[in-house]
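Everything below belongs to model34.csv, which stores CSV, C-alpha atoms.
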```csv
chain,number,residue,atom,x,y,z
A,1,MET,CA,-13.8,15.7,-6.2
A,2,ASN,CA,-15.5,15.0,-4.5
A,3,LEU,CA,-18.9,11.9,-3.9
A,4,PHE,CA,-22.4,10.7,-2.2
A,5,PRO,CA,-24.8,9.8,1.0
A,6,VAL,CA,-27.5,7.2,2.5
A,7,ALA,CA,-31.0,6.4,4.0
A,8,PRO,CA,-32.5,4.7,7.1
A,9,ILE,CA,-35.0,1.9,7.6
A,10,LEU,CA,-36.6,2.7,11.0
A,11,LEU,CA,-39.7,0.4,10.8
A,12,LEU,CA,-41.2,0.7,14.2
A,13,ALA,CA,-43.0,-2.4,15.2
A,14,CYS,CA,-46.6,-1.8,16.2
A,15,SER,CA,-49.0,-4.1,18.0
A,16,LEU,CA,-50.5,-7.0,16.1
A,17,GLY,CA,-53.0,-5.9,13.5
A,18,HIS,CA,-51.6,-2.4,13.1
A,19,ALA,CA,-49.5,-0.9,10.3
A,20,ALA,CA,-45.9,0.0,11.0
A,21,ALA,CA,-45.3,3.7,11.7
A,22,PRO,CA,-43.6,5.7,8.9
A,23,CYS,CA,-39.9,6.1,9.3
A,24,ALA,CA,-38.2,9.5,9.3
A,25,PRO,CA,-36.3,10.5,6.2
A,26,LEU,CA,-32.5,10.1,6.1
A,27,ARG,CA,-30.9,13.6,5.8
A,28,VAL,CA,-28.0,13.4,3.4
A,29,GLY,CA,-25.7,16.4,2.9
A,30,TYR,CA,-23.7,17.2,-0.2
A,31,THR,CA,-22.0,20.2,-1.8
A,32,ASP,CA,-24.1,23.1,-3.2
A,33,GLN,CA,-21.7,23.5,-6.1
A,34,GLU,CA,-22.0,21.6,-9.3
A,35,ARG,CA,-19.5,18.7,-9.7
A,36,ALA,CA,-20.6,17.3,-13.0
A,37,PRO,CA,-21.4,14.5,-13.6
A,38,TYR,CA,-21.6,13.5,-9.9
A,39,TYR,CA,-23.6,16.5,-8.5
A,40,MET,CA,-25.6,18.6,-10.9
A,41,GLY,CA,-26.9,22.1,-10.4
A,42,GLN,CA,-26.0,24.9,-8.0
A,43,GLY,CA,-27.4,26.1,-4.7
A,44,THR,CA,-29.9,24.4,-2.5
A,45,LEU,CA,-32.2,23.0,-5.2
A,46,VAL,CA,-31.8,19.3,-6.1
A,47,PRO,CA,-32.6,19.1,-9.8
A,48,GLU,CA,-34.6,16.5,-11.5
A,49,LEU,CA,-31.4,15.0,-12.9
A,50,PRO,CA,-29.3,15.4,-9.7
A,51,GLY,CA,-26.1,13.7,-10.7
A,52,ALA,CA,-24.7,10.1,-10.7
A,53,SER,CA,-23.6,10.3,-7.0
A,54,VAL,CA,-27.0,11.5,-5.8
A,55,GLU,CA,-28.8,8.7,-7.6
A,56,LEU,CA,-26.3,6.2,-6.2
A,57,ILE,CA,-27.1,7.3,-2.7
A,58,ARG,CA,-30.8,6.9,-3.3
A,59,LYS,CA,-30.2,3.4,-4.5
A,60,ALA,CA,-28.0,2.6,-1.5
A,61,ALA,CA,-30.7,4.0,0.9
A,62,GLY,CA,-33.3,1.6,-0.5
A,63,ALA,CA,-37.0,2.2,-1.1
A,64,ASP,CA,-38.3,1.7,2.5
A,65,CYS,CA,-37.8,5.2,3.7
A,66,PRO,CA,-37.4,8.6,2.0
A,67,VAL,CA,-34.1,10.5,1.6
A,68,GLN,CA,-33.9,14.2,2.2
A,69,PHE,CA,-31.0,15.8,0.4
A,70,VAL,CA,-29.5,18.9,1.9
A,71,ARG,CA,-27.1,21.0,-0.2
A,72,LEU,CA,-24.6,23.1,1.7
A,73,PRO,CA,-21.3,24.9,1.0
A,74,THR,CA,-18.6,22.2,1.0
A,75,LEU,CA,-16.8,23.7,4.1
A,76,ARG,CA,-20.0,23.5,6.2
A,77,LEU,CA,-20.7,19.9,5.6
A,78,ARG,CA,-18.5,18.5,8.4
A,79,GLY,CA,-19.9,20.9,11.0
A,80,ALA,CA,-23.5,20.1,10.0
A,81,LEU,CA,-22.8,16.3,10.2
A,82,GLU,CA,-21.1,16.6,13.6
A,83,SER,CA,-24.0,18.8,15.0
A,84,GLY,CA,-26.6,16.3,13.8
A,85,ALA,CA,-28.2,18.8,11.4
A,86,ILE,CA,-27.7,16.1,8.8
A,87,ASP,CA,-27.2,12.4,9.2
A,88,VAL,CA,-24.9,11.3,6.4
A,89,VAL,CA,-22.2,12.8,4.2
A,90,PRO,CA,-20.0,11.3,1.5
A,91,LEU,CA,-16.4,11.9,2.8
A,92,ASP,CA,-12.8,11.3,1.9
A,93,PRO,CA,-11.6,11.3,5.6
A,94,ARG,CA,-8.9,13.7,6.6
A,95,GLY,CA,-7.8,15.3,9.8
A,96,ASP,CA,-9.8,14.0,12.8
A,97,ASP,CA,-12.7,12.7,10.7
A,98,LEU,CA,-12.3,9.2,11.9
A,99,GLU,CA,-12.8,10.3,15.5
A,100,ARG,CA,-15.7,12.7,14.7
A,101,PHE,CA,-17.8,10.4,12.5
A,102,MET,CA,-18.7,6.8,11.9
A,103,PHE,CA,-17.3,4.9,9.0
A,104,PRO,CA,-17.8,1.2,8.1
A,105,GLN,CA,-14.9,-0.7,9.8
A,106,GLY,CA,-12.9,-3.5,8.5
A,107,ALA,CA,-11.4,-6.4,10.6
A,108,ASP,CA,-8.3,-4.2,11.3
A,109,GLY,CA,-10.5,-1.4,12.7
A,110,ALA,CA,-9.7,1.0,9.8
A,111,PRO,CA,-12.4,2.1,7.3
A,112,ASP,CA,-13.3,-0.8,5.1
A,113,LYS,CA,-12.2,0.1,1.5
A,114,ARG,CA,-14.6,-2.5,0.1
A,115,LYS,CA,-17.5,-0.3,1.2
A,116,ALA,CA,-16.1,2.9,-0.4
A,117,VAL,CA,-16.2,4.4,-3.8
A,118,HIS,CA,-12.7,4.5,-5.2
A,119,THR,CA,-11.5,7.7,-6.7
A,120,VAL,CA,-8.5,8.8,-8.8
A,121,SER,CA,-7.2,12.4,-9.1
A,122,VAL,CA,-6.3,13.4,-12.7
A,123,VAL,CA,-4.8,16.5,-14.2
A,124,PHE,CA,-5.8,18.4,-17.4
A,125,VAL,CA,-3.2,20.7,-19.1
A,126,ARG,CA,-3.1,22.7,-22.3
A,127,ALA,CA,-2.2,20.7,-25.3
A,128,GLY,CA,-0.2,23.7,-26.6
A,129,ASP,CA,2.3,23.5,-23.7
A,130,GLY,CA,3.6,20.3,-25.3
A,131,LEU,CA,3.9,18.3,-22.0
A,132,PRO,CA,4.6,14.6,-22.4
A,133,ALA,CA,1.6,12.5,-21.4
A,134,GLU,CA,3.8,10.7,-18.9
A,135,THR,CA,4.7,14.0,-17.1
A,136,GLU,CA,4.9,13.4,-13.3
A,137,PRO,CA,2.3,15.9,-12.0
A,138,LEU,CA,3.6,16.0,-8.4
A,139,ARG,CA,7.0,17.2,-9.7
A,140,TYR,CA,5.7,19.5,-12.4
A,141,PHE,CA,3.2,21.3,-10.2
A,142,SER,CA,5.7,22.0,-7.5
A,143,SER,CA,6.8,24.9,-9.7
A,144,HIS,CA,3.6,25.5,-11.8
A,145,VAL,CA,0.1,26.6,-10.7
A,146,LEU,CA,-2.5,23.8,-10.3
A,147,GLY,CA,-6.1,24.7,-10.2
A,148,VAL,CA,-8.5,22.8,-7.9
A,149,ILE,CA,-12.2,23.2,-7.1
A,150,HIS,CA,-12.7,25.5,-4.1
A,151,GLY,CA,-13.0,23.4,-1.0
A,152,ALA,CA,-12.4,20.1,-2.8
A,153,PRO,CA,-11.3,17.2,-0.5
A,154,ILE,CA,-8.0,16.7,-2.4
A,155,VAL,CA,-6.8,20.2,-1.4
A,156,GLY,CA,-5.3,19.2,1.9
A,157,GLN,CA,-3.4,16.3,0.3
A,158,LEU,CA,-2.0,18.5,-2.5
A,159,ARG,CA,-0.9,21.2,0.0
A,160,GLN,CA,1.0,18.6,2.0
A,161,ALA,CA,2.7,17.5,-1.2
A,162,GLY,CA,4.0,21.0,-1.6
A,163,LEU,CA,2.1,21.9,-4.8
A,164,ARG,CA,1.2,25.4,-5.9
A,165,LEU,CA,-2.6,25.6,-5.8
A,166,ASP,CA,-5.2,28.0,-7.0
A,167,GLN,CA,-8.7,27.5,-5.5
A,168,GLY,CA,-10.3,30.5,-7.1
A,169,ALA,CA,-13.0,28.6,-9.1
A,170,LEU,CA,-16.0,26.8,-7.7
A,171,ASP,CA,-16.5,24.1,-10.3
A,172,ALA,CA,-14.8,22.0,-13.0
A,173,GLY,CA,-16.1,24.2,-15.9
A,174,ARG,CA,-14.7,27.4,-14.6
A,175,ASN,CA,-11.4,25.8,-13.8
A,176,LEU,CA,-11.1,24.4,-17.3
A,177,ASP,CA,-11.9,27.9,-18.7
A,178,LYS,CA,-9.1,29.4,-16.5
A,179,LEU,CA,-6.7,26.7,-17.8
A,180,ALA,CA,-7.6,27.4,-21.4
A,181,ALA,CA,-7.1,31.1,-20.8
A,182,GLY,CA,-3.7,30.6,-19.4
A,183,ARG,CA,-4.5,31.7,-15.9
A,184,ILE,CA,-3.5,28.4,-14.3
A,185,ASP,CA,-1.1,25.7,-15.7
A,186,GLY,CA,-3.3,22.6,-14.9
A,187,PHE,CA,-6.5,21.5,-13.3
A,188,ALA,CA,-6.8,18.6,-10.9
A,189,VAL,CA,-10.0,16.8,-10.0
A,190,ALA,CA,-11.0,13.5,-8.3
A,191,LEU,CA,-13.1,11.2,-10.4
A,192,SER,CA,-14.5,7.7,-10.1
A,193,ALA,CA,-12.7,6.7,-13.3
A,194,GLU,CA,-9.9,8.5,-15.1
A,195,THR,CA,-12.0,9.0,-18.3
A,196,ASP,CA,-15.1,10.4,-16.6
A,197,LEU,CA,-14.5,14.0,-17.5
A,198,ASP,CA,-12.9,13.5,-20.9
A,199,ALA,CA,-16.1,14.0,-23.0
A,200,PHE,CA,-17.0,17.1,-21.0
A,201,VAL,CA,-13.6,18.6,-21.6
A,202,ARG,CA,-13.8,17.9,-25.3
A,203,ALA,CA,-17.2,19.3,-25.6
A,204,ARG,CA,-16.2,22.5,-23.8
A,205,HIS,CA,-12.6,23.1,-25.2
A,206,GLY,CA,-12.1,20.6,-28.1
A,207,LYS,CA,-8.5,19.5,-28.4
A,208,GLN,CA,-7.2,22.5,-26.6
A,209,LEU,CA,-6.9,20.6,-23.3
A,210,VAL,CA,-5.6,17.1,-22.6
A,211,ARG,CA,-5.4,14.8,-19.6
A,212,LEU,CA,-2.0,13.6,-18.3
A,213,ALA,CA,-1.6,9.9,-18.4
A,214,ARG,CA,-0.2,9.8,-14.9
A,215,PRO,CA,-2.7,10.5,-12.1
A,216,LEU,CA,-1.9,12.5,-9.0
A,217,GLY,CA,-3.1,9.7,-6.7
A,218,TYR,CA,-5.9,7.5,-5.5
A,219,SER,CA,-8.3,7.8,-2.6
A,220,HIS,CA,-11.7,6.5,-1.3
A,221,VAL,CA,-15.0,8.1,-0.4
A,222,TRP,CA,-17.3,6.6,2.2
A,223,LEU,CA,-20.8,7.4,3.4
A,224,ALA,CA,-19.9,8.7,6.9
A,225,ALA,CA,-22.6,9.0,9.5
A,226,ASN,CA,-23.2,11.2,12.5
A,227,LYS,CA,-22.3,9.2,15.6
A,228,ASP,CA,-25.7,9.7,17.4
A,229,TYR,CA,-27.6,8.8,14.2
A,230,TYR,CA,-25.4,5.6,13.8
A,231,ASP,CA,-26.0,4.6,17.4
A,232,ALA,CA,-29.8,4.8,16.9
A,233,ASN,CA,-29.8,3.2,13.4
A,234,ARG,CA,-27.0,0.7,13.4
A,235,ASP,CA,-28.9,-1.9,11.4
A,236,ARG,CA,-29.8,0.6,8.7
A,237,MET,CA,-26.3,2.0,8.3
A,238,THR,CA,-24.9,-1.5,8.2
A,239,ALA,CA,-27.4,-2.4,5.4
A,240,VAL,CA,-26.4,0.7,3.4
A,241,TRP,CA,-22.7,0.0,3.8
A,242,ARG,CA,-23.2,-3.6,2.7
A,243,TRP,CA,-25.1,-2.4,-0.4
A,244,MET,CA,-22.2,-0.1,-1.2
A,245,GLU,CA,-19.8,-3.1,-0.9
A,246,ALA,CA,-21.9,-5.3,-3.1
A,247,GLN,CA,-23.1,-2.8,-5.8
A,248,GLY,CA,-21.7,0.7,-5.2
A,249,GLN,CA,-18.9,0.8,-7.8
A,250,THR,CA,-20.8,-1.2,-10.4
A,251,GLN,CA,-23.9,0.9,-10.1
A,252,LEU,CA,-22.0,4.2,-10.2
A,253,THR,CA,-20.5,3.1,-13.6
A,254,VAL,CA,-24.0,2.3,-14.9
A,255,LEU,CA,-25.4,5.7,-13.7
A,256,MET,CA,-22.5,7.5,-15.3
A,257,ARG,CA,-23.8,6.5,-18.7
A,258,LYS,CA,-26.9,8.6,-18.0
A,259,TYR,CA,-24.8,11.8,-17.7
A,260,LYS,CA,-22.3,11.1,-20.5
A,261,VAL,CA,-21.7,14.0,-22.8
A,262,PRO,CA,-22.3,13.0,-26.4
```
Represent the structure from my file as structure tokens, please.
Amino acid sequence: MNLFPVAPILLLACSLGHAAAPCAPLRVGYTDQERAPYYMGQGTLVPELPGASVELIRKAAGADCPVQFVRLPTLRLRGALESGAIDVVPLDPRGDDLERFMFPQGADGAPDKRKAVHTVSVVFVRAGDGLPAETEPLRYFSSHVLGVIHGAPIVGQLRQAGLRLDQGALDAGRNLDKLAAGRIDGFAVALSAETDLDAFVRARHGKQLVRLARPLGYSHVWLAANKDYYDANRDRMTAVWRWMEAQGQTQLTVLMRKYKVP
């Protein structure tokens, strides 16, 4: 599943006695599909309660300059970031992402995991199938159909692992409905914590669906920047990445309470 973006502080110094010029908004791209509780709503509109990840990005950006959120189809986000149509996108890097975009670097030159949001990929199955909670999902779904959100970042990794995937549904709710109806054998989703979707699943399907105790795997999501934007705003991006290191994971946990299903 996929998580969140950033904002700039371009305070242009003016001559003595004059106010600083206003800075341009940071353009942050994210998916136009609902990924509750991280991204709420569908389409181009950013709702009043936009989701925990969107609120986290606003906090990371700070109050000095505005953030302009741009919702796009998931598969268009990388192209828009590379072209400069948007400045920042939350990414779990794959393929040539490390060459195309800027990530915060650690001492070894690799993306600094301390400045990322950590994710875990979990699997929901039907309780009636009687699978042991400790079922190894990589083995089981090599011969059973695993549903994933269309265009989700974990798709490439799961394909490389040889799993049988169904990408026919655009959000978690519709995937869970397909699972309950017997059209797929499991549903995999990346979360910031293993239990993040449990209440949503119970509210939608009661005890019909359960989460396997063993996750599919772990990954990281960074706020990746367009290279030209980074070159022109290094101090601002550095400040955002440092904020993510100091407060990102903790603040996301706090924000998640706001979107908790009773």
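Counting all atoms listed in the file, the residue from A:Ile86, A:Leu216, A:Met102, A:Ala110 that sits nearest to Thr238 of chain A is A:Met102.
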Choose the residue, out of A:Gly29, A:Gly162, A:Gly186, A:Gly43, that has the smallest atom-to-atom separation from Asp87 of chain A; count only C-alpha atoms.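 Closest to Asp87 of chain A, using only C-alpha atoms: A:Gly29.
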Counting only C-alpha atoms, which of A:Arg236, A:Arg94, A:Arg114, A:Arg58 gets nearest to Gly156 of chain A? A:Arg94
Which distance in Å separates atom CA of Ala232 of chain A and atom CA of Leu75 of chain A, to one decimal?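 We find that atom CA of Ala232 of chain A and atom CA of Leu75 of chain A lie 26.3 Å from each other.
Among A:Gln247, A:Ser53, A:Thr31, A:Gln167, the residue with the shortest atom-to-atom distance to Ile149 of chain A, counting all atoms listed in the file, is A:Gln167.
Atom CA of Thr250 of chain A is positioned 9.8 Å from atom CA of Val117 of chain A.
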Can you find the residues with an atom no farther than 7 Å from (-5.8, 16.0, -8.8), counting all atoms listed in the file, and report them as a PDB file with C-alpha atoms, keeping the file's coordinate frame?
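That gives us point10.pdb:
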```pdb
ATOM      1  CA  SER A 121      -7.200  12.400  -9.100  1.00  0.00           C
ATOM      2  CA  VAL A 122      -6.300  13.400 -12.700  1.00  0.00           C
ATOM      3  CA  VAL A 123      -4.800  16.500 -14.200  1.00  0.00           C
ATOM      4  CA  ILE A 154      -8.000  16.700  -2.400  1.00  0.00           C
ATOM      5  CA  ALA A 188      -6.800  18.600 -10.900  1.00  0.00           C
ATOM      6  CA  VAL A 189     -10.000  16.800 -10.000  1.00  0.00           C
ATOM      7  CA  ALA A 190     -11.000  13.500  -8.300  1.00  0.00           C
ATOM      8  CA  LEU A 216      -1.900  12.500  -9.000  1.00  0.00           C
TER       9      LEU A 216
END
```
Would you mind reading off the distance between atom CA of Ser143 of chain A and atom CA of Ile184 of chain A, one decimal, in Å? 11.8 Å
Would you pick out the contacts of Leu223 of chain A at 10 Å or less, using only C-alpha atoms, so that residues sharing its chain but fewer than 4 positions from it are not included, and give the list as a list in words? Leu3, Phe4, Pro5, Val6, Val28, Ile57, Ala60, Asp87, Val88, Val89, Pro90, Leu91, Asp92, Met102, Phe103, Pro104, Lys115, Ala116, Val117, Met237, Val240, Trp241 and Met244 of chain A
Val120 of chain A surroundings by all atoms listed in the file, 9 Å radius, close-in-sequence under 2 positions cut, as a CSV table (one decimal) with C-alpha atoms, in the coordinates of the input:
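Output saved as selection_28.csv:
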```
chain,number,residue,atom,x,y,z
A,118,HIS,CA,-12.7,4.5,-5.2
A,122,VAL,CA,-6.3,13.4,-12.7
A,189,VAL,CA,-10.0,16.8,-10.0
A,190,ALA,CA,-11.0,13.5,-8.3
A,191,LEU,CA,-13.1,11.2,-10.4
A,192,SER,CA,-14.5,7.7,-10.1
A,193,ALA,CA,-12.7,6.7,-13.3
A,194,GLU,CA,-9.9,8.5,-15.1
A,215,PRO,CA,-2.7,10.5,-12.1
A,216,LEU,CA,-1.9,12.5,-9.0
A,217,GLY,CA,-3.1,9.7,-6.7
A,218,TYR,CA,-5.9,7.5,-5.5
A,219,SER,CA,-8.3,7.8,-2.6
A,220,HIS,CA,-11.7,6.5,-1.3
```
Set the distance at 12 Å and use all atoms listed in the file: which residues neighbour segment 37-39 of chain A once local chain neighbours fewer than 5 positions away are removed? I'd like the list as number ranges by chain. A: 1-5, 29-32, 44-57, 69, 71, 90, 171-173, 190-193, 195-201, 252-253, 255-261
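Among the candidates A:Phe187, A:Phe101, A:Tyr140, A:Phe124, the one nearest to Ala224 of chain A when counting only C-alpha atoms is A:Phe101.
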Can you work out which one of A:Val125, A:Val155, A:Ala239, A:Leu170 has the shortest atom-to-atom distance to Gln42 of chain A, counting only C-alpha atoms?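 Residue with the minimum atom-to-atom distance to Gln42 of chain A: A:Leu170.
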Tell me which protein, DNA and RNA residues are within 9 Å of Arg126 of chain A, counting all atoms listed in the file, leaving out same-chain ones fewer than 5 positions away, and put them as a PDB file with C-alpha atoms, in the frame of the given file.
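Listed below is the output, selection02.pdb:
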```pdb
ATOM      1  CA  LEU A 131       3.900  18.300 -22.000  1.00  0.00           C
ATOM      2  CA  LEU A 179      -6.700  26.700 -17.800  1.00  0.00           C
ATOM      3  CA  ALA A 180      -7.600  27.400 -21.400  1.00  0.00           C
ATOM      4  CA  GLY A 182      -3.700  30.600 -19.400  1.00  0.00           C
ATOM      5  CA  ASP A 185      -1.100  25.700 -15.700  1.00  0.00           C
ATOM      6  CA  GLY A 186      -3.300  22.600 -14.900  1.00  0.00           C
ATOM      7  CA  LYS A 207      -8.500  19.500 -28.400  1.00  0.00           C
ATOM      8  CA  GLN A 208      -7.200  22.500 -26.600  1.00  0.00           C
ATOM      9  CA  LEU A 209      -6.900  20.600 -23.300  1.00  0.00           C
ATOM     10  CA  VAL A 210      -5.600  17.100 -22.600  1.00  0.00           C
ATOM     11  CA  ARG A 211      -5.400  14.800 -19.600  1.00  0.00           C
TER      12      ARG A 211
END
```
